[in-house]
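Enquirer: There's a structure below that I have some questions on.
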Amino acid sequence: AAVAVAPGGGAGGTKIAAVARRLAMGTLAQWQGAPAALLRKETLVEAVPETGQLPVRTLTFAAPATLAEGFRIDLGHVVKVVIPEFKPKSYTMSAARQGEFDLTVKMYPGGRCSGYLDSVAVGESISVFRRGVKERRPGARVGLVAFGVGITEALPIARAEVEKPDAREIHLLWGARTFGDMFWHEEIAALEREHPGRFRATSVLSREDRKGCRRGRIDAGALADVFGGWRGEADTTRFLVVGTKAMMREAERNLEAAGFPWPASALLAKPSSP
């Protein structure tokens, strides 16, 4: 049922808003999903309170049939985790294997969603369901731009892209505050070894100078430097940007300014209407 909120706020408006929230929670309670038991946890990045470095963990769950059948990481399918007394939260599978899947999550202090996942013990179950209907737009060159923990979506897509025959060149651009905030170093290096000249990665650090990494942010200048050589083939170049909504919108504007029209250059898009 719809609830009209009175204009102007005040005590009446506050009460009506509270009713609306309770009704919404009643709707959310219907999203039970399917149970997925936690099989194991692995910490990829340890917390360092002195520097503000937050922990990152990979949680491996048993895959219910609703996720195991037809789930496509390469098409941007997401796992919706039912958070108790809150709205479901979207996560990208960082890996999928026979009968199980991984979620790699940064654990934020007081985080409603990450805190819930971090509290789940091995053997306990969460409720999950699938969302996401997108189509891949073929491209000869694919740029993947990841801000921080956005790498958990970008790297699995990179793995999928190297298997696509039309993608001749894939470049992953990953930005973080410090090298300590980064992980999956060997996985990225393995992709570079296995696909020389076809896959490469560039790391950008905003608060640290380190050999082999760019210093700064993923701004208009960095995007133009890294991907500017593809301008001549903009019509067959595709990008995926992963980060907060604000970071993504800014990067998309900067890509357009660099000569890659948006959203025409997006790698994944909602299916076209028939």
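In the structure tokens, the first chain shown is A, the next is B, and so on; residue numbers restart at 1 for each chain, and ligands run from 1 in the order shown.
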Quick one: residues within 7 Å of region 253-262 of chain A, only C-alpha atoms counted, chain neighbours fewer than 5 positions away excluded, as a PDB file with C-alpha atoms, in the first residue's frame?
Expert:
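Dumped everything to part.pdb:
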ATOM      1  CA  ALA A 220      40.467  13.184 -15.857  1.00  0.00           C
ATOM      2  CA  LEU A 223      42.056   8.429 -17.523  1.00  0.00           C
ATOM      3  CA  ALA A 224      43.326  10.397 -20.510  1.00  0.00           C
ATOM      4  CA  GLY A 228      44.064   8.107 -24.500  1.00  0.00           C
ATOM      5  CA  ARG A 231      40.672   7.368 -28.868  1.00  0.00           C
ATOM      6  CA  ALA A 234      36.378   4.804 -29.532  1.00  0.00           C
TER       7      ALA A 234
END
Enquirer: Skip Asp74 (chain A) itself and residues of its chain fewer than 6 positions away, then list as a list in words all residues within 10 Å of it, counting only C-alpha atoms.
Expert: Lys134, Glu135, Arg136, Glu153, Ala154, Pro156, Ile157, Ala158, Arg159, Ala160, Glu161 and Leu268 of chain A
Enquirer: Taking 6 positions as the minimum chain separation for residues in the same chain, which residues sit within 9 Å of region 110-119 of chain A when counting only C-alpha atoms? Answer as a PyMOL selection string.
Expert: chain A and resi 57+59+81+83-84+86+88-89+126
Enquirer: Within 6 Å of Ala37 (chain A), counting only C-alpha atoms, which residues qualify if same-chain residues fewer than 6 places away don't, as a ChimeraX atom specification?
Expert: /A:61-62,123-125
Enquirer: Save the residues we just selected, C-alpha atoms, as a PDB file, in the first residue's frame?
Expert:
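part19.pdb, freshly written:
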ATOM      1  CA  PHE A  61      29.270 -19.802   0.758  1.00  0.00           C
ATOM      2  CA  ALA A  62      27.561 -22.945  -0.473  1.00  0.00           C
ATOM      3  CA  GLY A 123      28.271 -23.120   9.423  1.00  0.00           C
ATOM      4  CA  GLU A 124      25.624 -20.417   9.725  1.00  0.00           C
ATOM      5  CA  SER A 125      23.505 -19.395   6.738  1.00  0.00           C
TER       6      SER A 125
END
Enquirer: Enumerate the residues of region 166-195 of chain A with a DSSP assignment of strand (DSSP E), computed from the backbone, and present them as a list in words.
Expert: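 Answer for region 166-195 of chain A restricted to strand (DSSP E) is Glu169, Ile170, His171, Leu172, Leu173, Trp174, Gly175 and Ala176 of chain A.
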Enquirer: Using the selection just defined, write its residues with N, CA, C and O atoms as a tab-separated table (two decimals), in the first residue's frame.
Expert:
chain	number	residue	atom	x	y	z
A	169	GLU	N	42.33	-6.37	-26.23
A	169	GLU	CA	43.17	-5.69	-25.24
A	169	GLU	C	42.31	-5.30	-24.05
A	169	GLU	O	41.25	-4.68	-24.21
A	170	ILE	N	42.75	-5.70	-22.85
A	170	ILE	CA	42.03	-5.39	-21.61
A	170	ILE	C	42.99	-4.68	-20.67
A	170	ILE	O	44.10	-5.18	-20.42
A	171	HIS	N	42.58	-3.53	-20.16
A	171	HIS	CA	43.43	-2.75	-19.25
A	171	HIS	C	42.65	-2.46	-17.98
A	171	HIS	O	41.58	-1.84	-18.02
A	172	LEU	N	43.18	-2.91	-16.85
A	172	LEU	CA	42.58	-2.69	-15.55
A	172	LEU	C	43.28	-1.53	-14.85
A	172	LEU	O	44.49	-1.57	-14.64
A	173	LEU	N	42.53	-0.51	-14.48
A	173	LEU	CA	43.04	0.65	-13.75
A	173	LEU	C	42.41	0.63	-12.36
A	173	LEU	O	41.19	0.76	-12.23
A	174	TRP	N	43.26	0.46	-11.32
A	174	TRP	CA	42.76	0.29	-9.96
A	174	TRP	C	43.36	1.37	-9.06
A	174	TRP	O	44.57	1.51	-8.97
A	175	GLY	N	42.49	2.10	-8.40
A	175	GLY	CA	42.94	3.15	-7.50
A	175	GLY	C	42.62	2.83	-6.04
A	175	GLY	O	41.55	2.31	-5.73
A	176	ALA	N	43.56	3.16	-5.14
A	176	ALA	CA	43.37	2.96	-3.71
A	176	ALA	C	44.19	4.01	-2.97
A	176	ALA	O	44.99	4.73	-3.57
Enquirer: Which residues are near Ala96 (chain A)? Cut-off 10 Å, only C-alpha atoms, ignore same chain within fewer than 6 positions. Put them as a list of chain:residue names.
Expert: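 Answer for this query is A:Thr60, A:Phe61, A:Ala63, A:Leu67, A:Ala68, A:Phe71, A:Arg72, A:Ile73, A:Asp102, A:Leu103, A:Pro156.
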Enquirer: Suppose we keep C-alpha atoms; can you now write the selection as a PDB file, in the first residue's frame?
Expert:
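Output (out-v1.pdb):
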ATOM      1  CA  THR A  60      32.867 -18.545   0.753  1.00  0.00           C
ATOM      2  CA  PHE A  61      29.270 -19.802   0.758  1.00  0.00           C
ATOM      3  CA  ALA A  63      25.646 -21.988  -3.606  1.00  0.00           C
ATOM      4  CA  LEU A  67      22.334 -18.972  -7.774  1.00  0.00           C
ATOM      5  CA  ALA A  68      24.195 -21.965  -9.170  1.00  0.00           C
ATOM      6  CA  PHE A  71      24.439 -17.034 -12.825  1.00  0.00           C
ATOM      7  CA  ARG A  72      26.679 -14.909 -15.081  1.00  0.00           C
ATOM      8  CA  ILE A  73      29.419 -12.835 -13.459  1.00  0.00           C
ATOM      9  CA  ASP A 102      32.793 -16.047  -2.919  1.00  0.00           C
ATOM     10  CA  LEU A 103      31.854 -12.575  -1.735  1.00  0.00           C
ATOM     11  CA  PRO A 156      36.151 -11.062 -12.082  1.00  0.00           C
TER      12      PRO A 156
END
Enquirer: Identify which of the residues A:Ala47, A:Val149, A:Met182, A:Ala34 lies closest to Phe129 (chain A), counting only C-alpha atoms when measuring atom-to-atom distances.
Expert: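 Smallest separation from Phe129 (chain A) among the options: A:Ala34.
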Enquirer: Applying 10 Å and only C-alpha atoms, which residues near Ala189 (chain A) remain after dropping the ones on its own chain fewer than 5 positions away? List them as a VMD selection string.
Expert: chain A and resid 184 194 to 195 199 to 201
Enquirer: Keeping only all heavy atoms, write those residues as a PDB file, in the first residue's frame.
Expert:
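Result file is out.pdb:
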ATOM      1  N   TRP A 184      44.915  -9.272  -3.915  1.00  0.00           N
ATOM      2  CA  TRP A 184      44.848 -10.019  -5.177  1.00  0.00           C
ATOM      3  C   TRP A 184      46.029  -9.702  -6.103  1.00  0.00           C
ATOM      4  O   TRP A 184      45.908  -9.730  -7.331  1.00  0.00           O
ATOM      5  CB  TRP A 184      43.539  -9.745  -5.924  1.00  0.00           C
ATOM      6  CG  TRP A 184      42.338 -10.423  -5.313  1.00  0.00           C
ATOM      7  CD1 TRP A 184      42.333 -11.431  -4.390  1.00  0.00           C
ATOM      8  CD2 TRP A 184      40.960 -10.157  -5.598  1.00  0.00           C
ATOM      9  NE1 TRP A 184      41.047 -11.790  -4.077  1.00  0.00           N
ATOM     10  CE2 TRP A 184      40.193 -11.033  -4.800  1.00  0.00           C
ATOM     11  CE3 TRP A 184      40.311  -9.259  -6.438  1.00  0.00           C
ATOM     12  CZ2 TRP A 184      38.801 -11.041  -4.820  1.00  0.00           C
ATOM     13  CZ3 TRP A 184      38.929  -9.264  -6.463  1.00  0.00           C
ATOM     14  CH2 TRP A 184      38.181 -10.149  -5.669  1.00  0.00           C
ATOM     15  N   GLU A 194      49.722 -14.849 -18.062  1.00  0.00           N
ATOM     16  CA  GLU A 194      49.000 -15.773 -18.939  1.00  0.00           C
ATOM     17  C   GLU A 194      48.525 -15.117 -20.235  1.00  0.00           C
ATOM     18  O   GLU A 194      48.296 -15.810 -21.232  1.00  0.00           O
ATOM     19  CB  GLU A 194      47.794 -16.346 -18.183  1.00  0.00           C
ATOM     20  CG  GLU A 194      48.180 -17.238 -17.013  1.00  0.00           C
ATOM     21  CD  GLU A 194      47.020 -17.463 -16.048  1.00  0.00           C
ATOM     22  OE1 GLU A 194      45.885 -17.037 -16.385  1.00  0.00           O
ATOM     23  OE2 GLU A 194      47.256 -18.049 -14.976  1.00  0.00           O
ATOM     24  N   HIS A 195      48.392 -13.777 -20.212  1.00  0.00           N
ATOM     25  CA  HIS A 195      47.891 -13.068 -21.396  1.00  0.00           C
ATOM     26  C   HIS A 195      48.783 -11.866 -21.710  1.00  0.00           C
ATOM     27  O   HIS A 195      48.330 -10.717 -21.694  1.00  0.00           O
ATOM     28  CB  HIS A 195      46.441 -12.618 -21.153  1.00  0.00           C
ATOM     29  CG  HIS A 195      45.519 -13.739 -20.792  1.00  0.00           C
ATOM     30  ND1 HIS A 195      44.925 -14.557 -21.729  1.00  0.00           N
ATOM     31  CD2 HIS A 195      45.104 -14.194 -19.578  1.00  0.00           C
ATOM     32  CE1 HIS A 195      44.175 -15.458 -21.114  1.00  0.00           C
ATOM     33  NE2 HIS A 195      44.271 -15.258 -19.816  1.00  0.00           N
ATOM     34  N   PHE A 199      46.423  -8.441 -21.608  1.00  0.00           N
ATOM     35  CA  PHE A 199      45.910  -7.923 -20.336  1.00  0.00           C
ATOM     36  C   PHE A 199      47.035  -7.211 -19.591  1.00  0.00           C
ATOM     37  O   PHE A 199      48.156  -7.708 -19.501  1.00  0.00           O
ATOM     38  CB  PHE A 199      45.372  -9.046 -19.453  1.00  0.00           C
ATOM     39  CG  PHE A 199      44.987  -8.566 -18.075  1.00  0.00           C
ATOM     40  CD1 PHE A 199      43.764  -7.964 -17.856  1.00  0.00           C
ATOM     41  CD2 PHE A 199      45.867  -8.683 -17.010  1.00  0.00           C
ATOM     42  CE1 PHE A 199      43.412  -7.490 -16.584  1.00  0.00           C
ATOM     43  CE2 PHE A 199      45.533  -8.222 -15.740  1.00  0.00           C
ATOM     44  CZ  PHE A 199      44.303  -7.623 -15.532  1.00  0.00           C
ATOM     45  N   ARG A 200      46.716  -6.050 -19.063  1.00  0.00           N
ATOM     46  CA  ARG A 200      47.665  -5.341 -18.207  1.00  0.00           C
ATOM     47  C   ARG A 200      46.897  -4.575 -17.143  1.00  0.00           C
ATOM     48  O   ARG A 200      45.706  -4.301 -17.277  1.00  0.00           O
ATOM     49  CB  ARG A 200      48.550  -4.389 -19.004  1.00  0.00           C
ATOM     50  CG  ARG A 200      47.806  -3.372 -19.833  1.00  0.00           C
ATOM     51  CD  ARG A 200      48.752  -2.472 -20.581  1.00  0.00           C
ATOM     52  NE  ARG A 200      48.067  -1.667 -21.569  1.00  0.00           N
ATOM     53  CZ  ARG A 200      48.503  -0.505 -22.004  1.00  0.00           C
ATOM     54  NH1 ARG A 200      49.635  -0.001 -21.534  1.00  0.00           N
ATOM     55  NH2 ARG A 200      47.839   0.169 -22.927  1.00  0.00           N
ATOM     56  N   ALA A 201      47.616  -4.255 -16.062  1.00  0.00           N
ATOM     57  CA  ALA A 201      46.991  -3.560 -14.943  1.00  0.00           C
ATOM     58  C   ALA A 201      47.856  -2.385 -14.517  1.00  0.00           C
ATOM     59  O   ALA A 201      49.089  -2.455 -14.549  1.00  0.00           O
ATOM     60  CB  ALA A 201      46.798  -4.521 -13.771  1.00  0.00           C
TER      61      ALA A 201
END
Enquirer: Rounded to one decimal, what separation in Å do you get between CA of His77 (chain A) and CA of Phe227 (chain A)?
Expert: 26.4 Å
Enquirer: Hey, what does DSSP flag as alpha helix (DSSP H) within region 109-156 of chain A? Can you give it to me as a ChimeraX atom specification?
Expert: /A:112-119,151-156
Enquirer: For the selection just defined, write its residues with N, CA and C atoms to a file, as a PDB file, in the first residue's frame.
Expert:
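Output below, filename out_5.pdb:
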ATOM      1  N   ARG A 112      26.182  -1.558   8.473  1.00  0.00           N
ATOM      2  CA  ARG A 112      24.993  -2.389   8.657  1.00  0.00           C
ATOM      3  C   ARG A 112      25.111  -3.696   7.875  1.00  0.00           C
ATOM      4  N   CYS A 113      25.566  -3.589   6.634  1.00  0.00           N
ATOM      5  CA  CYS A 113      25.630  -4.769   5.769  1.00  0.00           C
ATOM      6  C   CYS A 113      26.918  -5.557   5.966  1.00  0.00           C
ATOM      7  N   SER A 114      28.062  -4.869   5.875  1.00  0.00           N
ATOM      8  CA  SER A 114      29.332  -5.573   6.046  1.00  0.00           C
ATOM      9  C   SER A 114      29.456  -6.121   7.466  1.00  0.00           C
ATOM     10  N   GLY A 115      28.936  -5.370   8.444  1.00  0.00           N
ATOM     11  CA  GLY A 115      28.982  -5.842   9.823  1.00  0.00           C
ATOM     12  C   GLY A 115      28.176  -7.113  10.015  1.00  0.00           C
ATOM     13  N   TYR A 116      27.022  -7.182   9.351  1.00  0.00           N
ATOM     14  CA  TYR A 116      26.214  -8.405   9.433  1.00  0.00           C
ATOM     15  C   TYR A 116      26.977  -9.583   8.839  1.00  0.00           C
ATOM     16  N   LEU A 117      27.553  -9.400   7.649  1.00  0.00           N
ATOM     17  CA  LEU A 117      28.284 -10.498   7.028  1.00  0.00           C
ATOM     18  C   LEU A 117      29.487 -10.921   7.867  1.00  0.00           C
ATOM     19  N   ASP A 118      30.150  -9.943   8.469  1.00  0.00           N
ATOM     20  CA  ASP A 118      31.318 -10.266   9.285  1.00  0.00           C
ATOM     21  C   ASP A 118      30.925 -11.043  10.542  1.00  0.00           C
ATOM     22  N   SER A 119      29.681 -10.876  10.972  1.00  0.00           N
ATOM     23  CA  SER A 119      29.234 -11.550  12.193  1.00  0.00           C
ATOM     24  C   SER A 119      28.806 -12.996  11.956  1.00  0.00           C
ATOM     25  N   ILE A 151      37.379  -3.302  -7.001  1.00  0.00           N
ATOM     26  CA  ILE A 151      38.145  -4.347  -7.677  1.00  0.00           C
ATOM     27  C   ILE A 151      37.450  -5.697  -7.568  1.00  0.00           C
ATOM     28  N   THR A 152      36.616  -5.881  -6.539  1.00  0.00           N
ATOM     29  CA  THR A 152      35.937  -7.163  -6.356  1.00  0.00           C
ATOM     30  C   THR A 152      34.936  -7.445  -7.470  1.00  0.00           C
ATOM     31  N   GLU A 153      34.520  -6.424  -8.171  1.00  0.00           N
ATOM     32  CA  GLU A 153      33.704  -6.615  -9.367  1.00  0.00           C
ATOM     33  C   GLU A 153      34.548  -6.538 -10.630  1.00  0.00           C
ATOM     34  N   ALA A 154      35.519  -5.638 -10.647  1.00  0.00           N
ATOM     35  CA  ALA A 154      36.299  -5.407 -11.867  1.00  0.00           C
ATOM     36  C   ALA A 154      37.187  -6.587 -12.232  1.00  0.00           C
ATOM     37  N   LEU A 155      37.867  -7.200 -11.251  1.00  0.00           N
ATOM     38  CA  LEU A 155      38.772  -8.300 -11.600  1.00  0.00           C
ATOM     39  C   LEU A 155      38.011  -9.524 -12.107  1.00  0.00           C
ATOM     40  N   PRO A 156      36.901  -9.949 -11.491  1.00  0.00           N
ATOM     41  CA  PRO A 156      36.151 -11.062 -12.082  1.00  0.00           C
ATOM     42  C   PRO A 156      35.692 -10.781 -13.508  1.00  0.00           C
TER      43      PRO A 156
END
Enquirer: Could you tell me how far CA of Val79 (chain A) sits from CA of Tyr91 (chain A), in Å to one decimal place?
Expert: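 So the answer is 5.2 Å.
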Enquirer: Using only C-alpha atoms, which of the listed residues (A:Gly216, A:Gly99, A:Pro49, A:Gly143) sits closest to Phe239 (chain A)?
Expert: A:Gly143
